[in-house]
>>> print(open('query.csv').read())   # CSV, C-alpha atoms
chain,number,residue,atom,x,y,z
A,1,MET,CA,1.9,-29.7,-4.9
A,2,LYS,CA,2.2,-26.4,-6.7
A,3,LYS,CA,5.2,-24.2,-6.0
A,4,ILE,CA,5.3,-20.8,-4.4
A,5,LEU,CA,6.6,-18.1,-6.7
A,6,VAL,CA,9.0,-15.7,-4.9
A,7,VAL,CA,9.5,-12.3,-6.5
A,8,LEU,CA,12.7,-10.6,-5.1
A,9,THR,CA,12.9,-6.9,-5.5
A,10,GLY,CA,15.7,-5.9,-3.1
A,11,GLY,CA,15.1,-3.7,-0.1
A,12,THR,CA,16.5,-4.4,3.4
A,13,ILE,CA,15.3,-8.0,3.2
A,14,GLY,CA,17.6,-8.4,0.2
A,15,SER,CA,20.5,-6.4,1.6
A,16,ARG,CA,23.7,-7.1,3.4
A,17,VAL,CA,25.9,-4.9,5.6
A,18,GLU,CA,29.3,-4.0,4.4
A,19,GLY,CA,31.1,-1.8,6.9
A,20,LYS,CA,28.6,0.9,7.8
A,21,ASN,CA,26.7,0.6,4.6
A,22,ILE,CA,23.5,-1.3,3.9
A,23,ASP,CA,22.9,-2.0,0.2
A,24,VAL,CA,21.6,-4.5,-2.3
A,25,THR,CA,24.1,-6.5,-4.2
A,26,GLY,CA,23.8,-9.3,-6.8
A,27,ALA,CA,24.5,-11.9,-4.2
A,28,SER,CA,22.6,-10.4,-1.2
A,29,VAL,CA,19.2,-10.5,-2.9
A,30,TYR,CA,19.3,-14.3,-2.9
A,31,TYR,CA,20.6,-14.7,0.6
A,32,LEU,CA,17.0,-14.9,1.9
A,33,MET,CA,16.3,-18.1,0.0
A,34,ASN,CA,19.6,-19.6,1.1
A,35,LEU,CA,19.0,-18.8,4.7
A,36,TYR,CA,15.4,-20.1,4.6
A,37,GLY,CA,16.7,-23.4,3.2
A,38,GLU,CA,19.2,-23.7,6.0
A,39,VAL,CA,16.7,-23.0,8.7
A,40,TYR,CA,13.4,-24.5,7.4
A,41,GLY,CA,14.4,-26.7,4.4
A,42,GLY,CA,12.0,-27.3,1.5
A,43,ILE,CA,13.7,-24.8,-0.8
A,44,GLU,CA,12.6,-26.9,-3.7
A,45,ALA,CA,9.0,-25.7,-3.0
A,46,PHE,CA,9.9,-22.3,-4.4
A,47,GLU,CA,10.4,-20.8,-7.8
A,48,VAL,CA,12.4,-17.6,-7.6
A,49,ILE,CA,12.6,-14.6,-9.9
A,50,ASN,CA,14.5,-11.3,-9.4
A,51,PRO,CA,13.0,-8.6,-11.7
A,52,LEU,CA,14.3,-5.7,-9.5
A,53,SER,CA,17.1,-5.1,-7.0
A,54,VAL,CA,16.5,-1.7,-5.5
A,55,LEU,CA,16.3,-0.1,-2.1
A,56,SER,CA,12.6,0.7,-1.8
A,57,GLU,CA,13.2,4.4,-1.1
A,58,ASN,CA,14.3,4.5,-4.7
A,59,MET,CA,11.0,3.2,-6.0
A,60,ASN,CA,9.4,5.5,-8.5
A,61,LEU,CA,6.8,5.3,-11.3
A,62,THR,CA,9.3,3.7,-13.6
A,63,THR,CA,10.2,0.9,-11.2
A,64,TRP,CA,6.5,0.5,-10.3
A,65,THR,CA,5.7,0.0,-14.0
A,66,SER,CA,8.4,-2.6,-14.3
A,67,LEU,CA,7.2,-4.5,-11.2
A,68,CYS,CA,3.6,-4.3,-12.1
A,69,GLN,CA,4.2,-5.6,-15.6
A,70,VAL,CA,5.9,-8.6,-14.1
A,71,MET,CA,3.2,-9.2,-11.6
A,72,TRP,CA,0.4,-8.7,-14.1
A,73,ASN,CA,1.8,-11.3,-16.5
A,74,ILE,CA,2.3,-14.1,-13.9
A,75,SER,CA,0.3,-17.3,-14.6
A,76,TYR,CA,-1.2,-17.4,-11.1
A,77,GLU,CA,-3.0,-20.7,-11.7
A,78,ASP,CA,0.4,-22.4,-11.9
A,79,TYR,CA,1.3,-21.5,-8.3
A,80,ALA,CA,0.0,-22.0,-4.8
A,81,GLY,CA,0.7,-18.3,-4.2
A,82,VAL,CA,3.2,-15.5,-4.8
A,83,ILE,CA,5.5,-13.8,-2.3
A,84,VAL,CA,6.9,-10.4,-3.1
A,85,THR,CA,9.9,-9.3,-0.9
A,86,HIS,CA,10.2,-5.5,-0.7
A,87,GLY,CA,11.9,-2.8,1.2
A,88,SER,CA,10.1,-1.5,4.2
A,89,ASP,CA,10.3,2.3,3.5
A,90,THR,CA,7.7,2.2,0.7
A,91,LEU,CA,6.2,-1.2,1.5
A,92,SER,CA,2.8,0.4,2.3
A,93,TYR,CA,2.6,2.2,-1.1
A,94,THR,CA,3.5,-0.8,-3.2
A,95,SER,CA,1.2,-3.0,-1.1
A,96,ALA,CA,-1.7,-0.6,-1.8
A,97,LEU,CA,-0.9,-0.5,-5.5
A,98,LEU,CA,-0.6,-4.2,-6.0
A,99,GLY,CA,-3.6,-4.8,-3.7
A,100,MET,CA,-5.8,-3.0,-6.2
A,101,LEU,CA,-4.0,-4.0,-9.4
A,102,LEU,CA,-4.1,-7.7,-8.5
A,103,SER,CA,-7.4,-7.9,-6.6
A,104,HIS,CA,-8.7,-10.4,-9.1
A,105,VAL,CA,-6.0,-13.0,-8.8
A,106,PRO,CA,-7.1,-16.5,-7.7
A,107,VAL,CA,-4.3,-17.2,-5.2
A,108,PRO,CA,-2.8,-15.2,-2.3
A,109,VAL,CA,-0.2,-12.6,-3.2
A,110,VAL,CA,1.8,-11.7,-0.1
A,111,LEU,CA,4.2,-8.9,0.4
A,112,THR,CA,6.8,-8.8,3.1
A,113,ALA,CA,9.9,-7.0,4.3
A,114,SER,CA,12.5,-6.8,7.0
A,115,ASN,CA,13.3,-4.2,9.7
A,116,TYR,CA,17.1,-5.0,9.5
A,117,PRO,CA,19.2,-6.9,7.0
A,118,LEU,CA,19.1,-10.7,7.4
A,119,GLY,CA,21.6,-12.0,9.9
A,120,GLU,CA,21.7,-8.8,11.9
A,121,LYS,CA,20.5,-8.8,15.5
A,122,GLY,CA,16.8,-8.2,15.8
A,123,SER,CA,16.0,-8.8,12.1
A,124,ASN,CA,12.5,-10.0,11.5
A,125,GLY,CA,13.0,-10.7,7.8
A,126,LEU,CA,13.2,-14.5,8.0
A,127,ILE,CA,10.2,-14.9,10.2
A,128,ASN,CA,8.2,-12.5,8.1
A,129,PHE,CA,9.0,-14.6,5.0
A,130,ARG,CA,8.1,-17.7,6.9
A,131,SER,CA,4.8,-16.2,7.9
A,132,ALA,CA,4.1,-15.4,4.2
A,133,VAL,CA,4.8,-19.0,3.3
A,134,GLU,CA,2.5,-20.3,6.0
A,135,LEU,CA,-0.3,-18.0,5.0
A,136,ILE,CA,-0.2,-19.3,1.5
A,137,ARG,CA,-0.1,-22.9,2.7
A,138,THR,CA,-3.2,-22.4,4.8
A,139,ARG,CA,-5.1,-22.2,1.5
A,140,ILE,CA,-7.7,-20.0,3.2
A,141,LEU,CA,-7.4,-16.7,1.4
A,142,LYS,CA,-7.0,-15.2,-2.1
A,143,GLY,CA,-6.2,-11.6,-2.9
A,144,VAL,CA,-3.3,-9.4,-1.8
A,145,PHE,CA,-1.9,-9.2,1.7
A,146,THR,CA,1.1,-7.9,3.6
A,147,VAL,CA,2.7,-9.8,6.6
A,148,TYR,CA,5.0,-8.2,9.1
A,149,ARG,CA,6.0,-9.1,12.6
A,150,ASN,CA,5.4,-6.2,15.1
A,151,GLU,CA,7.4,-5.2,18.1
A,152,CYS,CA,5.3,-7.4,20.3
A,153,GLY,CA,6.2,-10.5,18.3
A,154,GLU,CA,2.8,-10.8,16.6
A,155,ASN,CA,3.0,-11.9,12.9
A,156,ASN,CA,0.3,-9.6,11.6
A,157,VAL,CA,-1.5,-10.1,8.3
A,158,TYR,CA,-2.7,-6.8,6.7
A,159,LEU,CA,-5.0,-6.3,3.8
A,160,ALA,CA,-2.5,-4.9,1.3
A,161,THR,CA,-4.6,-1.7,0.9
A,162,ARG,CA,-4.8,-1.0,4.6
A,163,ILE,CA,-1.2,-1.2,5.8
A,164,MET,CA,0.2,2.1,6.8
A,165,GLU,CA,3.8,3.5,6.8
A,166,ALA,CA,6.0,2.4,9.6
A,167,ASP,CA,7.0,4.8,12.3
A,168,PRO,CA,10.7,5.7,12.2
A,169,TYR,CA,11.5,4.7,15.8
A,170,ARG,CA,10.0,1.3,16.3
A,171,ASP,CA,9.8,0.3,12.6
A,172,ALA,CA,6.2,-0.7,13.4
A,173,PHE,CA,3.5,-0.7,10.7
A,174,GLY,CA,-0.1,0.2,11.4
A,175,SER,CA,-3.4,-0.7,9.9
A,176,PHE,CA,-5.8,1.9,8.6
A,177,GLY,CA,-8.9,1.5,10.8
A,178,GLY,CA,-6.7,0.3,13.7
A,179,VAL,CA,-7.1,-3.4,13.3
A,180,PRO,CA,-5.0,-5.8,11.1
A,181,PHE,CA,-6.9,-8.4,9.1
A,182,GLY,CA,-5.5,-11.2,11.2
A,183,LYS,CA,-2.2,-12.8,12.3
A,184,MET,CA,-0.3,-16.0,11.8
A,185,LYS,CA,0.1,-18.1,14.9
A,186,GLU,CA,1.8,-21.5,14.9
A,187,GLY,CA,1.3,-21.9,11.2
A,188,ALA,CA,-2.4,-21.0,11.3
A,189,PHE,CA,-4.3,-17.9,10.2
A,190,VAL,CA,-6.2,-16.2,13.0
A,191,TYR,CA,-8.9,-13.8,11.7
A,192,PHE,CA,-9.5,-10.6,13.6
A,193,ASP,CA,-13.3,-10.1,13.8
A,194,SER,CA,-13.9,-6.3,13.7
A,195,PRO,CA,-16.5,-3.9,12.3
A,196,VAL,CA,-13.8,-2.4,10.0
A,197,ASN,CA,-12.7,-5.8,8.6
A,198,PRO,CA,-14.4,-7.6,5.7
A,199,SER,CA,-15.2,-11.3,6.3
A,200,ILE,CA,-13.0,-14.0,4.8
A,201,ALA,CA,-15.9,-14.8,2.4
A,202,GLN,CA,-16.0,-11.2,1.2
A,203,VAL,CA,-12.2,-11.2,0.6
A,204,ASN,CA,-12.4,-14.4,-1.4
A,205,GLU,CA,-15.2,-13.2,-3.7
A,206,ASN,CA,-14.4,-13.3,-7.4
A,207,ARG,CA,-13.4,-9.9,-8.9
A,208,ASN,CA,-12.8,-8.6,-12.4
A,209,PRO,CA,-9.5,-7.1,-13.3
A,210,ILE,CA,-9.5,-3.3,-13.0
A,211,ALA,CA,-8.0,-3.0,-16.6
A,212,ARG,CA,-7.6,-5.1,-19.7
A,213,SER,CA,-3.9,-4.7,-19.6
A,214,CYS,CA,-1.3,-3.5,-17.1
A,215,PRO,CA,-1.0,0.2,-17.1
A,216,GLU,CA,2.2,2.2,-17.6
A,217,PHE,CA,2.4,4.9,-15.0
A,218,SER,CA,3.2,7.9,-17.1
A,219,ARG,CA,0.6,10.3,-15.6
A,220,GLN,CA,1.7,11.6,-12.2
A,221,VAL,CA,-0.3,12.5,-9.1
A,222,LEU,CA,1.1,15.1,-6.7
A,223,LEU,CA,0.6,14.1,-3.0
A,224,ILE,CA,0.6,16.9,-0.5
A,225,ARG,CA,0.3,16.6,3.3
A,226,PRO,CA,-0.6,19.6,5.5
A,227,TYR,CA,1.6,21.1,8.3
A,228,PRO,CA,1.5,24.4,10.2
A,229,GLY,CA,3.0,27.0,7.9
A,230,LEU,CA,2.6,25.1,4.6
A,231,ASP,CA,2.8,27.9,2.0
A,232,TYR,CA,1.3,26.8,-1.4
A,233,ARG,CA,3.2,29.6,-3.2
A,234,PHE,CA,6.2,27.3,-3.1
A,235,ILE,CA,4.4,24.8,-5.2
A,236,ASN,CA,5.1,25.5,-8.9
A,237,LEU,CA,2.4,24.2,-11.2
A,238,ASN,CA,4.3,24.9,-14.4
A,239,ILE,CA,4.8,21.1,-14.6
A,240,LYS,CA,1.3,19.9,-14.3
A,241,PRO,CA,0.4,16.7,-12.6
A,242,ALA,CA,-2.6,14.7,-13.8
A,243,ALA,CA,-4.2,15.3,-10.4
A,244,VAL,CA,-3.4,16.5,-6.9
A,245,LEU,CA,-4.1,14.5,-3.8
A,246,HIS,CA,-4.1,16.6,-0.7
A,247,TYR,CA,-4.3,14.5,2.4
A,248,LEU,CA,-5.9,16.3,5.4
A,249,TYR,CA,-5.5,16.4,9.1
A,250,HIS,CA,-7.4,13.6,11.0
A,251,SER,CA,-10.5,15.9,11.3
A,252,ALA,CA,-10.6,16.3,7.5
A,253,THR,CA,-9.3,19.8,7.7
A,254,ALA,CA,-6.5,22.0,6.4
A,255,CYS,CA,-5.6,25.7,6.7
A,256,THR,CA,-8.1,28.0,5.1
A,257,VAL,CA,-6.6,31.4,6.0
A,258,GLY,CA,-3.5,33.4,5.2
A,259,LYS,CA,-1.9,34.8,2.0
A,260,GLY,CA,-0.2,31.6,0.9
A,261,GLU,CA,-1.4,29.1,3.4
A,262,SER,CA,-5.0,28.7,2.3
A,263,LEU,CA,-5.9,25.4,0.7
A,264,PRO,CA,-9.0,26.8,-0.9
A,265,ALA,CA,-6.9,29.4,-2.6
A,266,PHE,CA,-4.5,26.6,-3.8
A,267,ILE,CA,-7.5,24.7,-5.1
A,268,GLU,CA,-8.5,27.7,-7.1
A,269,ARG,CA,-5.1,27.8,-8.7
A,270,CYS,CA,-5.4,24.2,-9.6
A,271,CYS,CA,-8.8,24.7,-11.1
A,272,GLU,CA,-7.4,27.6,-13.3
A,273,GLU,CA,-4.8,25.1,-14.5
A,274,GLN,CA,-7.5,22.4,-15.0
A,275,ILE,CA,-5.9,20.1,-12.4
A,276,PRO,CA,-8.4,18.2,-10.3
A,277,VAL,CA,-7.8,18.1,-6.6
A,278,TYR,CA,-8.7,15.2,-4.4
A,279,THR,CA,-8.9,15.5,-0.6
A,280,ALA,CA,-8.8,12.7,2.0
A,281,SER,CA,-9.7,11.3,4.4
A,282,TYR,CA,-13.3,12.2,5.4
A,283,LYS,CA,-15.1,10.0,8.0
A,284,ASN,CA,-18.5,10.9,6.5
A,285,VAL,CA,-18.8,13.6,3.9
A,286,GLN,CA,-22.5,13.8,4.4
A,287,GLY,CA,-22.2,14.1,8.2
A,288,LYS,CA,-21.0,16.9,10.4
A,289,ASN,CA,-17.8,18.6,9.3
A,290,TYR,CA,-15.7,21.5,10.5
A,291,VAL,CA,-16.4,24.8,8.7
A,292,THR,CA,-12.8,24.6,7.3
A,293,ALA,CA,-13.6,21.2,5.7
A,294,GLY,CA,-16.7,22.8,4.2
A,295,ALA,CA,-14.6,25.6,2.7
A,296,VAL,CA,-12.3,23.1,1.0
A,297,LEU,CA,-15.2,21.2,-0.5
A,298,GLU,CA,-16.9,24.3,-1.7
A,299,LYS,CA,-14.0,25.0,-3.9
A,300,GLY,CA,-14.5,21.8,-5.8
A,301,ALA,CA,-12.2,19.4,-4.1
A,302,VAL,CA,-13.2,15.8,-4.7
A,303,PRO,CA,-13.6,14.0,-1.3
A,304,MET,CA,-12.3,10.5,-0.6
A,305,GLN,CA,-13.7,8.8,2.4
A,306,ASN,CA,-12.0,6.6,5.0
A,307,ILE,CA,-8.9,5.8,3.1
A,308,SER,CA,-5.2,5.9,4.0
A,309,PRO,CA,-2.8,8.3,2.2
A,310,GLU,CA,-1.0,5.4,0.6
A,311,ALA,CA,-4.2,3.8,-0.7
A,312,ALA,CA,-5.6,7.1,-1.9
A,313,TYR,CA,-2.4,7.8,-3.8
A,314,ALA,CA,-2.1,4.3,-5.3
A,315,LYS,CA,-5.8,4.4,-6.4
A,316,LEU,CA,-5.4,7.7,-8.2
A,317,ILE,CA,-2.2,6.5,-9.9
A,318,LEU,CA,-4.1,3.5,-11.1
A,319,LEU,CA,-7.3,5.3,-12.2
A,320,TYR,CA,-5.4,8.1,-14.0
A,321,ASN,CA,-3.3,5.6,-15.9
A,322,THR,CA,-6.1,3.2,-17.0
A,323,ASN,CA,-9.1,3.9,-19.3
A,324,GLY,CA,-12.4,4.4,-17.5
A,325,ASP,CA,-14.6,6.9,-15.8
A,326,ILE,CA,-12.6,8.2,-12.9
A,327,LYS,CA,-15.6,10.0,-11.3
A,328,LYS,CA,-17.5,6.8,-11.3
A,329,LYS,CA,-14.7,4.6,-10.0
A,330,ILE,CA,-13.3,6.9,-7.3
A,331,ASP,CA,-16.0,5.9,-4.8
A,332,GLN,CA,-16.0,2.3,-5.7
A,333,SER,CA,-13.9,-0.1,-3.5
A,334,ILE,CA,-11.4,-2.1,-5.5
A,335,PHE,CA,-10.0,-4.2,-2.7
A,336,PHE,CA,-11.2,-2.9,0.7
A,337,GLU,CA,-9.1,0.2,0.5
A,338,THR,CA,-12.0,2.2,1.9
A,339,ILE,CA,-13.7,1.5,5.3
A,340,PRO,CA,-17.4,2.0,5.2
A,341,VAL,CA,-18.9,4.6,7.5
A,342,ILE,CA,-19.9,2.8,10.7
A,343,PRO,CA,-22.4,4.1,13.4
A,344,GLU,CA,-19.6,5.0,15.9
A,345,LEU,CA,-18.1,7.4,13.3
A,346,GLU,CA,-21.2,8.9,11.7
A,347,SER,CA,-21.2,11.9,14.2
A,348,ALA,CA,-17.5,11.9,14.9
A,349,ILE,CA,-15.5,15.1,14.0
>>> encode(input="query.csv", output="structure tokens")
Amino acid sequence: MKKILVVLTGGTIGSRVEGKNIDVTGASVYYLMNLYGEVYGGIEAFEVINPLSVLSENMNLTTWTSLCQVMWNISYEDYAGVIVTHGSDTLSYTSALLGMLLSHVPVPVVLTASNYPLGEKGSNGLINFRSAVELIRTRILKGVFTVYRNECGENNVYLATRIMEADPYRDAFGSFGGVPFGKMKEGAFVYFDSPVNPSIAQVNENRNPIARSCPEFSRQVLLIRPYPGLDYRFINLNIKPAAVLHYLYHSATACTVGKGESLPAFIERCCEEQIPVYTASYKNVQGKNYVTAGAVLEKGAVPMQNISPEAAYAKLILLYNTNGDIKKKIDQSIFFETIPVIPELESAI
């Protein structure tokens, strides 16, 4: 039987508490494997590597490049699957990135994390890791997924490109579209049949790699989110990003009035600097939209439909750091990061 490769990167699941501080140490990152062996046994079924030991809030394009190089060069055929342990703060971002970068792999790649350090009261890290192991052992899926136990005790399985950032009070993750892909229950995978979810057969389709080699993330994308009073005059474009991703309010809108608060005016500034601007997320660009959404599009913003901020950001990072026609690929789904327009949403505003 093939082993499961475990890629330890640090984060809360690889941290220990010392006094009032939570941090990753050389010994703490391996504590998960020791604890798993004590509780479940079968530690010989794993091969373990530790390419990074960082708290995930310290993830950046340099650490992403290092992690992706490791993940890209794995001989996946040699393993039953791969588990990546990661910090929870940026789990949704790395999930989206790996979900698209590794959409072609022939075995399941499963990311997981922990709400509290292992051994602390209420920590779900060990059960999350156990769910990742069980998902791989079902031999049902291939592709990239994220597993995480919610506050109701459900061991949810997310498409890696759909999981959304946890809320800061409950440490609970959401799924873009409102429905996880499934859950683990008593060692079995339970699929959630929903209009927003692809079928298991669709997930398991063969895919080509998005690039010939793993990219180095040297070209940056600026991510902006709106809020009342956002003044774009504070944004200095002297250091130019490769592109700007401006996420919108849920109605696909942003402010269009005011001296410094107007997004259309900011888009004009970007155009003068030859910086493309992408806006998301639109339910249906061709359908009904607020006049404010129309004003944004009229200035040349490139719309992205039905996609989370994490997936939109990861997609642009990948596209701007790989060779290819970005305009052609921006609307193409790589690994279910976009949800198709469905009848219930066609007229929604």
>>> closest_residue(input="query.csv", among="A:Val109, A:Val341, A:Ala254, A:Met184", to="Arg225 of chain A", atoms="all atoms listed in the file")
A:Ala254
>>> atom_distance(input="query.csv", atom1="atom CA of Gln202 of chain A", atom2="atom CA of Gln332 of chain A")
15.2 Å
>>> closest_residue(input="query.csv", among="A:Pro276, A:Pro198, A:Gly143, A:Pro117", to="Ala243 of chain A", atoms="only C-alpha atoms")
A:Pro276
>>> closest_atom_pairs(input="query.csv", of="segment 7-82 of chain A", to="segment 206-213 of chain A", cutoff="10 Å", atoms="only C-alpha atoms", output="Markdown table")
| residue | atom | partner | partner_atom | distance |
| --- | --- | --- | --- | --- |
| A:Gln69 | CA | A:Ser213 | CA | 9.1 |
| A:Trp72 | CA | A:Ser213 | CA | 8.0 |
| A:Asn73 | CA | A:Ser213 | CA | 9.3 |
>>> residues_near_point(input="query.csv", point="(-5.6, 7.8, 6.5)", cutoff="12 Å", atoms="all atoms listed in the file", output="VMD selection string")
chain A and resid 92 161 to 165 174 to 178 225 246 to 252 279 to 283 304 to 313 337 to 339
>>> closest_residue(input="query.csv", among="A:Ala166, A:Ala96, A:Val70, A:Ala301", to="Val244 of chain A", atoms="only C-alpha atoms")
A:Ala301
>>> closest_residue(input="query.csv", among="A:Ala172, A:Leu5, A:Leu118, A:Val277", to="Asn155 of chain A", atoms="all atoms listed in the file")
A:Ala172
